[in-house]
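These notes are about the structure you will find just below.
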Amino acid sequence: MSTSTPLLEGAQPYSSMKGKLQDRLLQGLEGMGYQFMTPVQQKVLTELPTFQSDCLVQAKTGTGKTIGFLLPTLNSLLTSSGLPKGQVAILILSPTRELALQIAKECDSVTAQLQPRLECHTAYGGTSKERDLKKFLDGNPKIVVATPGRLNDYLSDSYVAEKFANIRTLILDEADTMLEAGFLNSINDILRRLPPKSAGWQGMCFSATMPKKIVDVLPKVLKPGYTTLTTIDPNETPTIDAVTQHSLIIPTVADTYTNLYALLLQEYELSPQNFKVIVFGTTANNVALMHSVFSVLFENKAQVFQLQSRLSQNIRTRTTNEYKAAQAGIMFASDVIGRGMDFPNVSLVIQVGLPSNGEQYVHRVGRTARAGNEGRAVIILTQRESYFLKANKQLPITPYPYQLSNVAVNVASEVSTAFANVDPTVKSKAYQAWLGFHKVYTKQLQLNNESLVELANEHAFSMGCPEPPMIDKQIVGKMGLRGTPGLNVGHVERTSHGRRGGGQGGGAPKQRDHSVDKNGMNGGGARRGGGGGRGGRGRGRGGISKR
Ligand SMILES: Nc1ncnc2c1ncn2[C@@H]1O[C@H](COP(=O)(O)OP(=O)(O)OP(=O)(O)O)[C@@H](O)[C@H]1O
């Protein structure tokens, strides 16, 4: 972060915290190049009654909340005594695996100068539980950063749960999403398995967004009289001021990919050197589709990445690291990286289709303009979807300033040639996921089943499908679309892997993922209509889409 950025203007140096923060932590910060406190760090370090106080902290995206919760808790741990060997002191919960890993790395950097080192462990799905657990049980973990699903797996074993018997601090990062429907059951299970709140552990809740509805559930984690700190004025826009935000309204879903290509070309030409873009899609399968087609379209211009929940954790971790290090490139992503992730120098965030709610829009936009930098954001919505702008008037979104419709027409044949190279199975899965996702929004989109299927089929034709891809009868039933004209219903064979085979019909009929990262599933943020239970599988309304 440059010291001349507005974020650090008039900031207090960390050297002024000498005596209040342990020298070794200050040295760790120096090693990271952090000379000054960001506003949220300054508030937490100077306005909390004590470093052990329960608190609710709100500050905009990319303003350094991670260090804001790490410093007081680490300092308390270092200055207190009596924690038996092998006992966890600080438990940090994160909604996604990628964010858990990022927090753990930040923790390792701040504690890098400590002798002996403080062990920070991670616990999240998609990795070998046996290996992680062995390391955990053999080691002396003082800090654990976990996603709720895997942590519950750990805590369900009473021997493992014993390691948490002396917990000193529980931190919910992205607290608003952690306390809403998709995660709440999991959090409740965790709280049942930890020492009771009356045992005296500190609760800390951090996020850039704090919808009023979470206030009712905060007492689960925060004790009455907790301190509220915010760096955001109530009349201020919830997004970072340094992001220019635009909307690009397109006639209908069939225009999506030509307009997205036109937009990416336009932005690429404006600034080819700094072209580091994240494109958010609505579902994992939609992201896989965009990744396939734009890998062809940008073959000679930019590196193209993808991150979504259907990829293996190994690939997800590798891609995360590659994109963090990349100077430029286009990342197609689902909400697995919608919150908290810090990819340096992202110049532009594009959202294709509806975000799950206004908060998720804010968090996605927050992947750019971090640490005092500038950025741009564009949301592409169809006419029907543009109700989102009216419903979120507080967001400073203005129409995209360049006329793209002619370019979109001109690139249409290039886009259809690229689609001809895309595996029909990828298209079929994207089609099915599109239906599952939009089924949840039919009321807002003023659609009935028939017009929903009509639009889905327009989408299929825009992908170059000769006919609507086949959907298994059972899935159609689960989506509540039985008997709807226009669907290509059939019986789709399962392969030995449990995946569906059979040409256009391919695609595993997985259920909507209700955010809970459990046993290898990874959600990634809020869903409208939440409603899912623990683990989320099999209770979804739309039946099939997964981020
Ligand atoms: N005091 C500091 N000086 C310089 N850079 C900093 C400082 N504190 C944090 N940063 C950098 O700022 C960036 C954003 O920090 P962080 O990821 O903690 O933001 P955040 O507020 O948690 O964002 P989000 O709401 O998206 O989770 C990171 O790159 C981090 O390294």
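Chains: A, B, ... in order of the structure tokens. Residues: from 1 per chain. Ligands: from 1, in order shown.
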
Which residues of chain A sit at most 7 Å from ligand 1, using only C-alpha atoms and all ligand atoms? Give each one's shortest atom pair and distance in Å (one decimal place), in chain and ascending residue order, as CSV.
```
residue,atom,partner,partner_atom_place_in_ligand_line,distance
A:Met1,CA,ligand 1,5 (N),4.4
A:Gly33,CA,ligand 1,4 (C),6.6
A:Tyr34,CA,ligand 1,3 (N),3.9
A:Gln35,CA,ligand 1,3 (N),6.0
A:Phe36,CA,ligand 1,1 (N),5.1
A:Met37,CA,ligand 1,1 (N),4.4
A:Thr38,CA,ligand 1,1 (N),5.0
A:Ala59,CA,ligand 1,21 (O),6.4
A:Lys60,CA,ligand 1,25 (O),5.8
A:Thr61,CA,ligand 1,25 (O),3.3
A:Gly62,CA,ligand 1,23 (O),3.5
A:Thr63,CA,ligand 1,21 (O),3.9
A:Gly64,CA,ligand 1,18 (O),3.4
A:Lys65,CA,ligand 1,21 (O),3.9
A:Thr66,CA,ligand 1,18 (O),3.8
A:Ile67,CA,ligand 1,18 (O),5.8
A:Glu174,CA,ligand 1,27 (O),6.9
A:Ser207,CA,ligand 1,25 (O),6.0
A:Ala208,CA,ligand 1,25 (O),5.0
A:Arg339,CA,ligand 1,26 (O),5.6
A:Gly340,CA,ligand 1,27 (O),3.2
A:Met341,CA,ligand 1,26 (O),6.0
A:Asp342,CA,ligand 1,17 (O),5.2
A:Pro344,CA,ligand 1,29 (O),6.5
A:His363,CA,ligand 1,26 (O),6.4
A:Gly366,CA,ligand 1,26 (O),5.7
A:Arg367,CA,ligand 1,26 (O),6.4
A:Arg370,CA,ligand 1,14 (C),5.6
A:Ala371,CA,ligand 1,12 (O),4.1
```

Filtering to N, CA and C atoms, could you give me those residues as a PDB file, in the first residue's frame?
```pdb
ATOM      1  N   MET A   1       0.851  -1.186   0.000  1.00  0.00           N
ATOM      2  CA  MET A   1       0.000   0.000   0.000  1.00  0.00           C
ATOM      3  C   MET A   1       0.893   1.244   0.000  1.00  0.00           C
ATOM      4  N   GLY A  33       6.127  -4.444   5.564  1.00  0.00           N
ATOM      5  CA  GLY A  33       6.099  -3.129   4.923  1.00  0.00           C
ATOM      6  C   GLY A  33       4.942  -2.263   5.396  1.00  0.00           C
ATOM      7  N   TYR A  34       4.313  -2.623   6.535  1.00  0.00           N
ATOM      8  CA  TYR A  34       3.195  -1.837   7.048  1.00  0.00           C
ATOM      9  C   TYR A  34       3.730  -0.832   8.068  1.00  0.00           C
ATOM     10  N   GLN A  35       3.855   0.414   7.636  1.00  0.00           N
ATOM     11  CA  GLN A  35       4.396   1.447   8.525  1.00  0.00           C
ATOM     12  C   GLN A  35       3.308   2.167   9.297  1.00  0.00           C
ATOM     13  N   PHE A  36       2.156   2.340   8.624  1.00  0.00           N
ATOM     14  CA  PHE A  36       1.063   3.135   9.201  1.00  0.00           C
ATOM     15  C   PHE A  36      -0.178   2.271   9.422  1.00  0.00           C
ATOM     16  N   MET A  37      -1.005   2.719  10.355  1.00  0.00           N
ATOM     17  CA  MET A  37      -2.261   1.992  10.604  1.00  0.00           C
ATOM     18  C   MET A  37      -3.322   2.453   9.612  1.00  0.00           C
ATOM     19  N   THR A  38      -4.058   1.529   9.059  1.00  0.00           N
ATOM     20  CA  THR A  38      -5.230   1.938   8.280  1.00  0.00           C
ATOM     21  C   THR A  38      -6.296   2.394   9.289  1.00  0.00           C
ATOM     22  N   ALA A  59     -15.771  -1.983   8.315  1.00  0.00           N
ATOM     23  CA  ALA A  59     -14.940  -1.080   7.506  1.00  0.00           C
ATOM     24  C   ALA A  59     -15.000  -1.569   6.071  1.00  0.00           C
ATOM     25  N   LYS A  60     -14.808  -0.656   5.140  1.00  0.00           N
ATOM     26  CA  LYS A  60     -14.988  -1.010   3.734  1.00  0.00           C
ATOM     27  C   LYS A  60     -14.013  -2.108   3.293  1.00  0.00           C
ATOM     28  N   THR A  61     -14.320  -2.694   2.140  1.00  0.00           N
ATOM     29  CA  THR A  61     -13.483  -3.765   1.607  1.00  0.00           C
ATOM     30  C   THR A  61     -12.054  -3.279   1.349  1.00  0.00           C
ATOM     31  N   GLY A  62     -11.116  -4.150   1.580  1.00  0.00           N
ATOM     32  CA  GLY A  62      -9.721  -3.868   1.235  1.00  0.00           C
ATOM     33  C   GLY A  62      -9.049  -2.823   2.096  1.00  0.00           C
ATOM     34  N   THR A  63      -9.561  -2.597   3.322  1.00  0.00           N
ATOM     35  CA  THR A  63      -8.968  -1.551   4.161  1.00  0.00           C
ATOM     36  C   THR A  63      -8.196  -2.126   5.356  1.00  0.00           C
ATOM     37  N   GLY A  64      -7.912  -3.422   5.315  1.00  0.00           N
ATOM     38  CA  GLY A  64      -6.997  -3.979   6.317  1.00  0.00           C
ATOM     39  C   GLY A  64      -7.650  -4.539   7.567  1.00  0.00           C
ATOM     40  N   LYS A  65      -8.859  -5.092   7.421  1.00  0.00           N
ATOM     41  CA  LYS A  65      -9.541  -5.643   8.604  1.00  0.00           C
ATOM     42  C   LYS A  65      -8.810  -6.870   9.157  1.00  0.00           C
ATOM     43  N   THR A  66      -8.150  -7.617   8.287  1.00  0.00           N
ATOM     44  CA  THR A  66      -7.474  -8.841   8.757  1.00  0.00           C
ATOM     45  C   THR A  66      -6.451  -8.520   9.839  1.00  0.00           C
ATOM     46  N   ILE A  67      -5.591  -7.562   9.559  1.00  0.00           N
ATOM     47  CA  ILE A  67      -4.606  -7.147  10.564  1.00  0.00           C
ATOM     48  C   ILE A  67      -5.344  -6.533  11.754  1.00  0.00           C
ATOM     49  N   GLU A 174     -16.076 -11.842   7.819  1.00  0.00           N
ATOM     50  CA  GLU A 174     -17.275 -11.829   6.959  1.00  0.00           C
ATOM     51  C   GLU A 174     -18.484 -12.220   7.818  1.00  0.00           C
ATOM     52  N   SER A 207     -16.781  -7.262   9.273  1.00  0.00           N
ATOM     53  CA  SER A 207     -17.231  -7.330   7.873  1.00  0.00           C
ATOM     54  C   SER A 207     -17.310  -5.923   7.280  1.00  0.00           C
ATOM     55  N   ALA A 208     -17.387  -5.882   5.959  1.00  0.00           N
ATOM     56  CA  ALA A 208     -17.593  -4.598   5.279  1.00  0.00           C
ATOM     57  C   ALA A 208     -19.080  -4.267   5.232  1.00  0.00           C
ATOM     58  N   ARG A 339     -15.763 -12.756  -1.506  1.00  0.00           N
ATOM     59  CA  ARG A 339     -15.520 -11.989  -0.271  1.00  0.00           C
ATOM     60  C   ARG A 339     -14.095 -12.203   0.217  1.00  0.00           C
ATOM     61  N   GLY A 340     -13.524 -11.127   0.689  1.00  0.00           N
ATOM     62  CA  GLY A 340     -12.278 -11.220   1.455  1.00  0.00           C
ATOM     63  C   GLY A 340     -10.993 -11.422   0.667  1.00  0.00           C
ATOM     64  N   MET A 341     -11.084 -11.994  -0.528  1.00  0.00           N
ATOM     65  CA  MET A 341      -9.842 -12.355  -1.221  1.00  0.00           C
ATOM     66  C   MET A 341      -9.100 -11.112  -1.689  1.00  0.00           C
ATOM     67  N   ASP A 342      -7.785 -11.181  -1.524  1.00  0.00           N
ATOM     68  CA  ASP A 342      -6.933 -10.032  -1.812  1.00  0.00           C
ATOM     69  C   ASP A 342      -6.004 -10.384  -2.975  1.00  0.00           C
ATOM     70  N   PRO A 344      -3.696  -8.736  -5.629  1.00  0.00           N
ATOM     71  CA  PRO A 344      -3.133  -7.395  -5.847  1.00  0.00           C
ATOM     72  C   PRO A 344      -3.453  -6.839  -7.237  1.00  0.00           C
ATOM     73  N   HIS A 363     -19.248  -6.698  -1.938  1.00  0.00           N
ATOM     74  CA  HIS A 363     -18.036  -7.495  -1.695  1.00  0.00           C
ATOM     75  C   HIS A 363     -17.316  -7.833  -3.000  1.00  0.00           C
ATOM     76  N   GLY A 366     -15.477  -5.018  -4.222  1.00  0.00           N
ATOM     77  CA  GLY A 366     -14.323  -4.807  -3.340  1.00  0.00           C
ATOM     78  C   GLY A 366     -13.104  -5.642  -3.670  1.00  0.00           C
ATOM     79  N   ARG A 367     -13.174  -6.460  -4.704  1.00  0.00           N
ATOM     80  CA  ARG A 367     -11.942  -7.177  -5.108  1.00  0.00           C
ATOM     81  C   ARG A 367     -11.002  -6.239  -5.858  1.00  0.00           C
ATOM     82  N   ARG A 370      -8.208  -2.090  -3.732  1.00  0.00           N
ATOM     83  CA  ARG A 370      -7.827  -2.484  -2.377  1.00  0.00           C
ATOM     84  C   ARG A 370      -6.587  -1.728  -1.936  1.00  0.00           C
ATOM     85  N   ALA A 371      -6.432  -1.615  -0.637  1.00  0.00           N
ATOM     86  CA  ALA A 371      -5.236  -1.017  -0.055  1.00  0.00           C
ATOM     87  C   ALA A 371      -4.959   0.362  -0.648  1.00  0.00           C
TER      88      ALA A 371
END
```

* To do: Apply DSSP to the backbone of this structure and, from region 15-226 of chain A, keep only the residues in strand (DSSP E or B); write these as a ChimeraX atom specification.
  => /A:18,21,36,55-58,90-93,119-123,141-146,169-173,202-207

Just write the chosen residues, C-alpha atoms, as an mmCIF file, in the first residue's frame.
```
data_model
loop_
_atom_site.group_PDB
_atom_site.id
_atom_site.type_symbol
_atom_site.label_atom_id
_atom_site.label_comp_id
_atom_site.auth_asym_id
_atom_site.auth_seq_id
_atom_site.Cartn_x
_atom_site.Cartn_y
_atom_site.Cartn_z
ATOM 1 C CA LYS A 18 5.375 0.711 21.030
ATOM 2 C CA LEU A 21 1.843 -3.901 21.062
ATOM 3 C CA PHE A 36 1.063 3.135 9.201
ATOM 4 C CA CYS A 55 -16.657 -6.094 19.286
ATOM 5 C CA LEU A 56 -18.523 -5.636 16.032
ATOM 6 C CA VAL A 57 -16.288 -3.918 13.492
ATOM 7 C CA GLN A 58 -17.276 -2.584 10.087
ATOM 8 C CA ILE A 90 -7.665 -18.117 18.782
ATOM 9 C CA LEU A 91 -10.277 -19.545 16.431
ATOM 10 C CA ILE A 92 -10.998 -17.638 13.221
ATOM 11 C CA LEU A 93 -13.938 -18.664 11.039
ATOM 12 C CA GLU A 119 1.579 -22.253 15.153
ATOM 13 C CA CYS A 120 -1.331 -21.217 12.963
ATOM 14 C CA HIS A 121 -3.258 -24.149 11.457
ATOM 15 C CA THR A 122 -5.969 -24.238 8.820
ATOM 16 C CA ALA A 123 -8.947 -26.581 8.691
ATOM 17 C CA PRO A 141 -1.735 -25.083 17.385
ATOM 18 C CA LYS A 142 -2.393 -21.736 19.006
ATOM 19 C CA ILE A 143 -4.418 -20.264 16.166
ATOM 20 C CA VAL A 144 -6.842 -22.116 13.902
ATOM 21 C CA VAL A 145 -8.397 -20.605 10.791
ATOM 22 C CA ALA A 146 -11.279 -22.771 9.638
ATOM 23 C CA THR A 169 -11.090 -15.581 21.183
ATOM 24 C CA LEU A 170 -13.562 -16.480 18.466
ATOM 25 C CA ILE A 171 -13.436 -14.290 15.354
ATOM 26 C CA LEU A 172 -16.043 -14.332 12.622
ATOM 27 C CA ASP A 173 -14.587 -12.798 9.482
ATOM 28 C CA GLN A 202 -13.881 -12.918 23.520
ATOM 29 C CA GLY A 203 -16.097 -12.601 20.450
ATOM 30 C CA MET A 204 -15.141 -10.458 17.448
ATOM 31 C CA CYS A 205 -17.250 -9.916 14.316
ATOM 32 C CA PHE A 206 -15.768 -8.163 11.274
ATOM 33 C CA SER A 207 -17.231 -7.330 7.873
#
```

* as number ranges by chain, which residues of region 318-474 of chain A does DSSP assign to alpha helix (DSSP H)? -> A: 318-325, 358-365, 387-391, 405-410, 412-420, 424-439, 442-445, 449-462, 473-474

Can you write just those residues out, C-alpha atoms, as an mmCIF file, in the first residue's frame?
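Wrote again_9.cif, looks like this:
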```
data_model
loop_
_atom_site.group_PDB
_atom_site.id
_atom_site.type_symbol
_atom_site.label_atom_id
_atom_site.label_comp_id
_atom_site.auth_asym_id
_atom_site.auth_seq_id
_atom_site.Cartn_x
_atom_site.Cartn_y
_atom_site.Cartn_z
ATOM 1 C CA ARG A 318 -2.764 -23.256 -7.321
ATOM 2 C CA THR A 319 -4.927 -20.902 -9.391
ATOM 3 C CA THR A 320 -5.366 -18.563 -6.426
ATOM 4 C CA ASN A 321 -1.604 -18.307 -6.041
ATOM 5 C CA GLU A 322 -1.039 -17.838 -9.770
ATOM 6 C CA TYR A 323 -3.598 -15.078 -10.047
ATOM 7 C CA LYS A 324 -2.244 -13.350 -6.938
ATOM 8 C CA ALA A 325 1.160 -13.243 -8.609
ATOM 9 C CA GLY A 358 -26.744 -5.890 -2.510
ATOM 10 C CA GLU A 359 -24.128 -6.990 0.034
ATOM 11 C CA GLN A 360 -22.653 -9.540 -2.351
ATOM 12 C CA TYR A 361 -22.438 -6.836 -5.038
ATOM 13 C CA VAL A 362 -20.435 -4.676 -2.593
ATOM 14 C CA HIS A 363 -18.036 -7.495 -1.695
ATOM 15 C CA ARG A 364 -17.439 -8.488 -5.313
ATOM 16 C CA VAL A 365 -16.724 -4.873 -6.279
ATOM 17 C CA TYR A 387 -34.618 -4.204 -11.188
ATOM 18 C CA PHE A 388 -31.490 -4.871 -9.090
ATOM 19 C CA LEU A 389 -30.341 -1.280 -9.708
ATOM 20 C CA LYS A 390 -33.676 0.158 -8.576
ATOM 21 C CA ALA A 391 -33.663 -2.074 -5.515
ATOM 22 C CA SER A 405 -23.862 -2.520 -29.150
ATOM 23 C CA ASN A 406 -22.160 -2.116 -32.551
ATOM 24 C CA VAL A 407 -19.019 -3.876 -31.350
ATOM 25 C CA ALA A 408 -21.197 -6.646 -29.906
ATOM 26 C CA VAL A 409 -22.820 -7.149 -33.320
ATOM 27 C CA ASN A 410 -19.438 -7.105 -35.053
ATOM 28 C CA ALA A 412 -20.943 -12.075 -32.939
ATOM 29 C CA SER A 413 -19.457 -14.435 -35.523
ATOM 30 C CA GLU A 414 -16.147 -14.629 -33.645
ATOM 31 C CA VAL A 415 -18.048 -15.499 -30.473
ATOM 32 C CA SER A 416 -20.100 -18.199 -32.197
ATOM 33 C CA THR A 417 -16.928 -19.715 -33.687
ATOM 34 C CA ALA A 418 -15.439 -19.811 -30.184
ATOM 35 C CA PHE A 419 -18.584 -21.478 -28.856
ATOM 36 C CA ALA A 420 -18.270 -24.131 -31.552
ATOM 37 C CA PRO A 424 -21.258 -29.628 -25.404
ATOM 38 C CA THR A 425 -21.241 -31.022 -21.870
ATOM 39 C CA VAL A 426 -19.977 -27.680 -20.550
ATOM 40 C CA LYS A 427 -22.815 -25.915 -22.379
ATOM 41 C CA SER A 428 -25.357 -28.402 -21.128
ATOM 42 C CA LYS A 429 -24.294 -27.936 -17.522
ATOM 43 C CA ALA A 430 -24.360 -24.166 -17.931
ATOM 44 C CA TYR A 431 -27.866 -24.368 -19.377
ATOM 45 C CA GLN A 432 -29.127 -26.472 -16.492
ATOM 46 C CA ALA A 433 -27.411 -24.257 -13.923
ATOM 47 C CA TRP A 434 -28.899 -21.153 -15.572
ATOM 48 C CA LEU A 435 -32.375 -22.614 -15.114
ATOM 49 C CA GLY A 436 -31.699 -23.613 -11.520
ATOM 50 C CA PHE A 437 -30.308 -20.194 -10.607
ATOM 51 C CA HIS A 438 -33.029 -18.154 -12.300
ATOM 52 C CA LYS A 439 -35.869 -20.352 -11.053
ATOM 53 C CA THR A 442 -38.808 -15.828 -11.188
ATOM 54 C CA LYS A 443 -40.894 -13.466 -9.066
ATOM 55 C CA GLN A 444 -38.421 -10.587 -9.250
ATOM 56 C CA LEU A 445 -37.852 -11.274 -12.953
ATOM 57 C CA ASN A 449 -42.123 -21.387 -15.802
ATOM 58 C CA GLU A 450 -42.858 -21.178 -19.504
ATOM 59 C CA SER A 451 -41.170 -17.830 -20.091
ATOM 60 C CA LEU A 452 -38.254 -18.938 -17.884
ATOM 61 C CA VAL A 453 -37.670 -21.945 -20.123
ATOM 62 C CA GLU A 454 -38.023 -19.751 -23.224
ATOM 63 C CA LEU A 455 -35.208 -17.544 -21.929
ATOM 64 C CA ALA A 456 -33.087 -20.551 -20.974
ATOM 65 C CA ASN A 457 -33.474 -21.819 -24.523
ATOM 66 C CA GLU A 458 -32.484 -18.422 -25.957
ATOM 67 C CA HIS A 459 -29.413 -18.729 -23.767
ATOM 68 C CA ALA A 460 -28.735 -22.221 -25.158
ATOM 69 C CA PHE A 461 -29.020 -21.028 -28.747
ATOM 70 C CA SER A 462 -26.655 -18.131 -28.028
ATOM 71 C CA LYS A 473 -36.634 -36.020 -15.674
ATOM 72 C CA GLN A 474 -35.784 -36.105 -11.988
#
```

Please report as a Markdown table every residue of region 359-386 of chain A lying within 12 Å of region 259-267 of chain A, along with the nearest atom pair and their distance in Å (one decimal), using only C-alpha atoms.
```
| residue | atom | partner | partner_atom | distance |
| --- | --- | --- | --- | --- |
| A:Arg376 | CA | A:Glu267 | CA | 10.0 |
| A:Ala377 | CA | A:Glu267 | CA | 10.9 |
| A:Val378 | CA | A:Leu263 | CA | 9.1 |
| A:Ile379 | CA | A:Leu260 | CA | 10.1 |
| A:Ile380 | CA | A:Leu260 | CA | 7.8 |
| A:Leu381 | CA | A:Asn259 | CA | 10.5 |
| A:Thr382 | CA | A:Asn259 | CA | 10.8 |
```

* Residues within 10 Å of region 270-280 of chain A, only C-alpha atoms, excluding chain neighbours under 6 positions, as a VMD selection string -> chain A and resid 260 264 286 to 287 290 to 291 301 to 308 323 326 to 338 343 to 355 364 to 365 367 to 368 376 to 379

* Determine, counting only C-alpha atoms, which protein, DNA and RNA residues have an atom within 12 Å of an atom of Lys85 (chain A); residues of the same chain fewer than 6 positions away are not included. Present the result as a list of chain:residue names. =>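 Listing them by chain and then by number gives A:Leu118, A:Glu119, A:Leu137, A:Asp138, A:Gly139, A:Asn140, A:Pro141, A:Lys142, A:Lys163, A:Phe164, A:Ala165, A:Asn166.
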
Would you write out those residues with C-alpha atoms, as a PDB file, in the first residue's frame?
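part_5.pdb, freshly written:
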```pdb
ATOM      1  CA  LEU A 118       3.160 -19.411  17.060  1.00  0.00           C
ATOM      2  CA  GLU A 119       1.579 -22.253  15.153  1.00  0.00           C
ATOM      3  CA  LEU A 137      -2.991 -33.256  17.017  1.00  0.00           C
ATOM      4  CA  ASP A 138       0.786 -33.710  16.890  1.00  0.00           C
ATOM      5  CA  GLY A 139       1.474 -29.975  16.941  1.00  0.00           C
ATOM      6  CA  ASN A 140       0.931 -27.056  19.284  1.00  0.00           C
ATOM      7  CA  PRO A 141      -1.735 -25.083  17.385  1.00  0.00           C
ATOM      8  CA  LYS A 142      -2.393 -21.736  19.006  1.00  0.00           C
ATOM      9  CA  LYS A 163      -8.067 -28.917  22.159  1.00  0.00           C
ATOM     10  CA  PHE A 164     -10.555 -26.047  22.036  1.00  0.00           C
ATOM     11  CA  ALA A 165     -11.476 -26.269  25.730  1.00  0.00           C
ATOM     12  CA  ASN A 166      -9.492 -23.140  26.606  1.00  0.00           C
TER      13      ASN A 166
END
```

* Within 6 Å of Glu374 (chain A), counting only C-alpha atoms, which residues qualify if same-chain residues fewer than 3 places away don't, as a PyMOL selection string? -> chain A and resi 242-243+369

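Non-sequential neighbours of region 220-224 of chain A (distance at most 6 Å, separation of 2 or more positions within a chain, only C-alpha atoms) are Asp54, Gly203, Val217, Leu218 and Tyr226 of chain A.
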
Writer output for current selection, C-alpha atoms, as a PDB file, in the first residue's frame:
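Output file again20.pdb is given in full below:
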```pdb
ATOM      1  CA  ASP A  54     -16.076  -8.149  22.417  1.00  0.00           C
ATOM      2  CA  GLY A 203     -16.097 -12.601  20.450  1.00  0.00           C
ATOM      3  CA  VAL A 217     -28.050 -13.290  16.157  1.00  0.00           C
ATOM      4  CA  LEU A 218     -24.979 -11.365  17.349  1.00  0.00           C
ATOM      5  CA  TYR A 226     -20.114  -5.158  23.115  1.00  0.00           C
TER       6      TYR A 226
END
```
